[in-house]
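Input: a single structure, listed below in structure tokens.
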Amino acid sequence: MALLERKDMADVNNNNNNNSSTGTEVSSNMTIYINNLNENIKIDELKKALHAVFSQFGKILEILAFKTLKHKGQAWVVFEDVQSASNAMRQMQSFPFYDKPMRIQYAKTKSDIVAKADGTFVPREKRRRHEEKGKKKKDQHDTNQVGVGLTPAYGGAYGTTPPLSQIPYLGGVKSMVPEAPAPPNNILFIQNLPNETTTMMLQMLFQQYTGFKEVRMVETKPGIAFVEYGDEMQSTVAMHALQGFKLQQYSMLITYAKK
DNA sequence: AGCACA
């Protein structure tokens with residue numbers, strides 16, 4: 001899966017522009033800057049969902065997002081190393097997240113948490129404050145149903161995820177693959193989910209596919225869920241699209257539900 | 001659209 005290697009190790013610790021000709025390129029950075037995020041998602045939920053989806057690329061030191069006008073729809077995900085950030089950027093580029101494709105770039109500057117770690121941190125006022133000129137405000141409203149409360153499932157410890165991707169295959173599921181594949185069904189059976197998974201997170205992933213009806217989780221059985229579509233063709237498309245999708249270090253296993 | 005350090 002790590003089929004993308006880069007020259008990134010060279011400039012891990014500086015933010016020089018590599019490409020001064022275009023002015024559009026930003027040097028690699030341990031932090032990715034994401035925009036085009038759905039602005040209706042509450043910050044807390046947004047951060048959790050981002051963590052769920054990005055922790056597969058490496059240890060996340062911090063996720064920053066703000067709800068101010070100037071910073072809505074944007075987030076910074078700080079990884080432990082550039083390689084993780086690079087992989088995250090490439091692999092999740094344009095990923096549909098709450099109905100909108102993520103736009104991911106390297107952050108322009110080093111994150112404070114990183115600067116503090118390497119001793120180069122300088123307090124705020126020394127830095128270039130970004131001044132903003134008046135802008136016309138356009139409407140922004142997406143209407144999707146993601147406003148339901150989310151339990152504070154994370155231990156808050158972003159740093160507890162194992163190092164990089166090549167994590168064996170976390171078990172926890174009895175019969176990982178059924179002997180014979182179940183016959184097609186408009187209901188999908190999802191296994192091997194992390195315990196922290198919420199209905200909202202799954203909805204976010206599955207509702208992008210046509211025919212999505214609902215997600216059902218079974219409180220008494222963590223790690224599994226059912227996702228219903230209008231018909232078998234629709235559920236099949238979603239199954240193939242999301243098969244093996246990683247939430248934290250867990251790879252989703254999707255099969256048709258038994259009838 | 002919008003690159004911060006809640």
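Residue numbers start at 1 in each chain; chains themselves are named A, B, ... in the order of the structure tokens; ligands are numbered from 1 in the order shown.
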With the cut-off set at 7 Å and counting only C-alpha atoms (C1' of nucleotides), tabulate each residue of chain B with an atom at most that distance from an atom of chain A, showing the nearest atom pair and its distance in Å to one decimal, ordered by chain and increasing number, as a tab-separated table.
residue	atom	partner	partner_atom	distance
B:DG2	C1'	A:Lys70	CA	5.4
B:DC3	C1'	A:Lys108	CA	6.0
B:DC5	C1'	A:Asp112	CA	5.7
Expected file: the selected residues, all heavy atoms, as a PDB file, in the first residue's frame:
ATOM      1  P    DG B   2      -8.695  31.563  -1.895  1.00  0.00           P
ATOM      2  OP1  DG B   2      -7.939  32.742  -2.363  1.00  0.00           O
ATOM      3  OP2  DG B   2      -8.204  30.210  -2.221  1.00  0.00           O
ATOM      4  O5'  DG B   2      -8.876  31.642  -0.319  1.00  0.00           O
ATOM      5  C5'  DG B   2      -8.964  32.901   0.330  1.00  0.00           C
ATOM      6  C4'  DG B   2      -9.335  32.701   1.784  1.00  0.00           C
ATOM      7  O4'  DG B   2     -10.664  32.172   1.877  1.00  0.00           O
ATOM      8  C3'  DG B   2      -8.461  31.666   2.500  1.00  0.00           C
ATOM      9  O3'  DG B   2      -7.287  32.302   3.007  1.00  0.00           O
ATOM     10  C2'  DG B   2      -9.364  31.226   3.636  1.00  0.00           C
ATOM     11  C1'  DG B   2     -10.758  31.313   3.011  1.00  0.00           C
ATOM     12  N9   DG B   2     -11.263  30.004   2.558  1.00  0.00           N
ATOM     13  C8   DG B   2     -10.685  29.154   1.639  1.00  0.00           C
ATOM     14  N7   DG B   2     -11.367  28.065   1.437  1.00  0.00           N
ATOM     15  C5   DG B   2     -12.464  28.196   2.275  1.00  0.00           C
ATOM     16  C6   DG B   2     -13.566  27.329   2.502  1.00  0.00           C
ATOM     17  O6   DG B   2     -13.781  26.233   1.976  1.00  0.00           O
ATOM     18  N1   DG B   2     -14.455  27.852   3.434  1.00  0.00           N
ATOM     19  C2   DG B   2     -14.311  29.053   4.073  1.00  0.00           C
ATOM     20  N2   DG B   2     -15.263  29.394   4.944  1.00  0.00           N
ATOM     21  N3   DG B   2     -13.286  29.881   3.871  1.00  0.00           N
ATOM     22  C4   DG B   2     -12.410  29.391   2.969  1.00  0.00           C
ATOM     23  P    DC B   3      -5.894  31.497   3.018  1.00  0.00           P
ATOM     24  OP1  DC B   3      -4.798  32.189   2.347  1.00  0.00           O
ATOM     25  OP2  DC B   3      -6.287  30.150   2.583  1.00  0.00           O
ATOM     26  O5'  DC B   3      -5.573  31.509   4.560  1.00  0.00           O
ATOM     27  C5'  DC B   3      -6.181  30.560   5.402  1.00  0.00           C
ATOM     28  C4'  DC B   3      -5.180  30.062   6.409  1.00  0.00           C
ATOM     29  O4'  DC B   3      -4.728  28.760   5.981  1.00  0.00           O
ATOM     30  C3'  DC B   3      -3.908  30.907   6.558  1.00  0.00           C
ATOM     31  O3'  DC B   3      -3.438  30.756   7.912  1.00  0.00           O
ATOM     32  C2'  DC B   3      -2.933  30.229   5.614  1.00  0.00           C
ATOM     33  C1'  DC B   3      -3.322  28.772   5.833  1.00  0.00           C
ATOM     34  N1   DC B   3      -2.997  27.885   4.718  1.00  0.00           N
ATOM     35  C2   DC B   3      -2.053  26.894   4.939  1.00  0.00           C
ATOM     36  O2   DC B   3      -1.517  26.809   6.061  1.00  0.00           O
ATOM     37  N3   DC B   3      -1.727  26.053   3.923  1.00  0.00           N
ATOM     38  C4   DC B   3      -2.332  26.180   2.744  1.00  0.00           C
ATOM     39  N4   DC B   3      -1.989  25.324   1.791  1.00  0.00           N
ATOM     40  C5   DC B   3      -3.313  27.189   2.503  1.00  0.00           C
ATOM     41  C6   DC B   3      -3.613  28.032   3.500  1.00  0.00           C
ATOM     42  P    DC B   5      -4.811  31.478  15.155  1.00  0.00           P
ATOM     43  OP1  DC B   5      -5.951  32.112  15.824  1.00  0.00           O
ATOM     44  OP2  DC B   5      -3.632  32.267  14.731  1.00  0.00           O
ATOM     45  O5'  DC B   5      -4.270  30.297  16.081  1.00  0.00           O
ATOM     46  C5'  DC B   5      -5.139  29.195  16.354  1.00  0.00           C
ATOM     47  C4'  DC B   5      -4.312  28.067  16.890  1.00  0.00           C
ATOM     48  O4'  DC B   5      -3.436  27.590  15.839  1.00  0.00           O
ATOM     49  C3'  DC B   5      -3.381  28.487  18.042  1.00  0.00           C
ATOM     50  O3'  DC B   5      -3.438  27.506  19.050  1.00  0.00           O
ATOM     51  C2'  DC B   5      -2.008  28.534  17.406  1.00  0.00           C
ATOM     52  C1'  DC B   5      -2.145  27.431  16.365  1.00  0.00           C
ATOM     53  N1   DC B   5      -1.178  27.576  15.282  1.00  0.00           N
ATOM     54  C2   DC B   5      -0.386  26.487  14.959  1.00  0.00           C
ATOM     55  O2   DC B   5      -0.531  25.426  15.588  1.00  0.00           O
ATOM     56  N3   DC B   5       0.525  26.612  13.963  1.00  0.00           N
ATOM     57  C4   DC B   5       0.639  27.762  13.309  1.00  0.00           C
ATOM     58  N4   DC B   5       1.545  27.827  12.325  1.00  0.00           N
ATOM     59  C5   DC B   5      -0.163  28.888  13.613  1.00  0.00           C
ATOM     60  C6   DC B   5      -1.054  28.758  14.606  1.00  0.00           C
TER      61       DC B   5
END
* To do: Go ahead and compute the interatomic distance for CA of Asp99 (chain A) and CA of Met204 (chain A), in Å to one decimal.
  => 7.5 Å
* Length of the CA of Met200 (chain A) to CA of Leu50 (chain A) vector [Å] -> 12.4 Å
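When CA of Leu205 (chain A) is paired with CA of Phe245 (chain A), their separation reads 9.4 Å.
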* To do: Using only C-alpha atoms, pick whichever of A:Thr236, A:Phe189, A:Thr255, A:Gln91 has the shortest atom-to-atom distance to Val215 (chain A).
  => A:Phe189
* Asked: So which bits of region 14-77 of chain A end up helix (DSSP H, G or I) when you DSSP the backbone, as JSON, numbers by chain?
  -> {"A": [43, 44, 45, 46, 47, 48, 49, 50, 51, 52, 53, 54, 55, 56, 57, 69, 70, 71]}
* To do: Considering only C-alpha atoms (C1' of nucleotides), state which residue in the set A:Val77, A:Met30, A:Val82, A:Ile41 is at the smallest distance from DA4 (chain B).
  =>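 Between A:Val77, A:Met30, A:Val82, A:Ile41, the residue approaching DA4 (chain B) most closely is A:Val77.
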* Nearest residue to Tyr250 (chain A) from the set A:Thr31, A:Ser94, A:Asn192, A:Asn185 (distances using only C-alpha atoms) ->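 Nearest candidate to Tyr250 (chain A) out of A:Thr31, A:Ser94, A:Asn192, A:Asn185: A:Asn192.
For the residues A:Val218, A:Asn29, A:Lys42, A:Thr68, ranking by smallest atom-to-atom distance to Glu80 (chain A) using only C-alpha atoms places A:Asn29 first.
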* Identify, on the basis of only C-alpha atoms (C1' of nucleotides), every residue whose closest approach to Pro181 (chain A) does not exceed 10 Å; exclude the query and any residue fewer than 4 positions from it along the same chain; express the result as a list of chain:residue names. => A:Val177, A:Thr255, A:Tyr256, A:Ala257, A:Lys258
* as a list in words, please: all residues of region 19-88 of chain A that backbone DSSP puts in strand (DSSP E). =>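 Those in region 19-88 of chain A that DSSP calls strand (DSSP E) are Thr31, Ile32, Tyr33, Ile34, Asn35, Ile60, Leu61, Glu62, Ile63, Leu64, Ala65, Ala75, Trp76, Val77, Val78 and Phe79 of chain A.
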* **Exercise: Leu247 (chain A) partners within 10 Å, only C-alpha atoms (C1' of nucleotides), chain neighbours under 4 positions left out, as a count of residues only** => 17
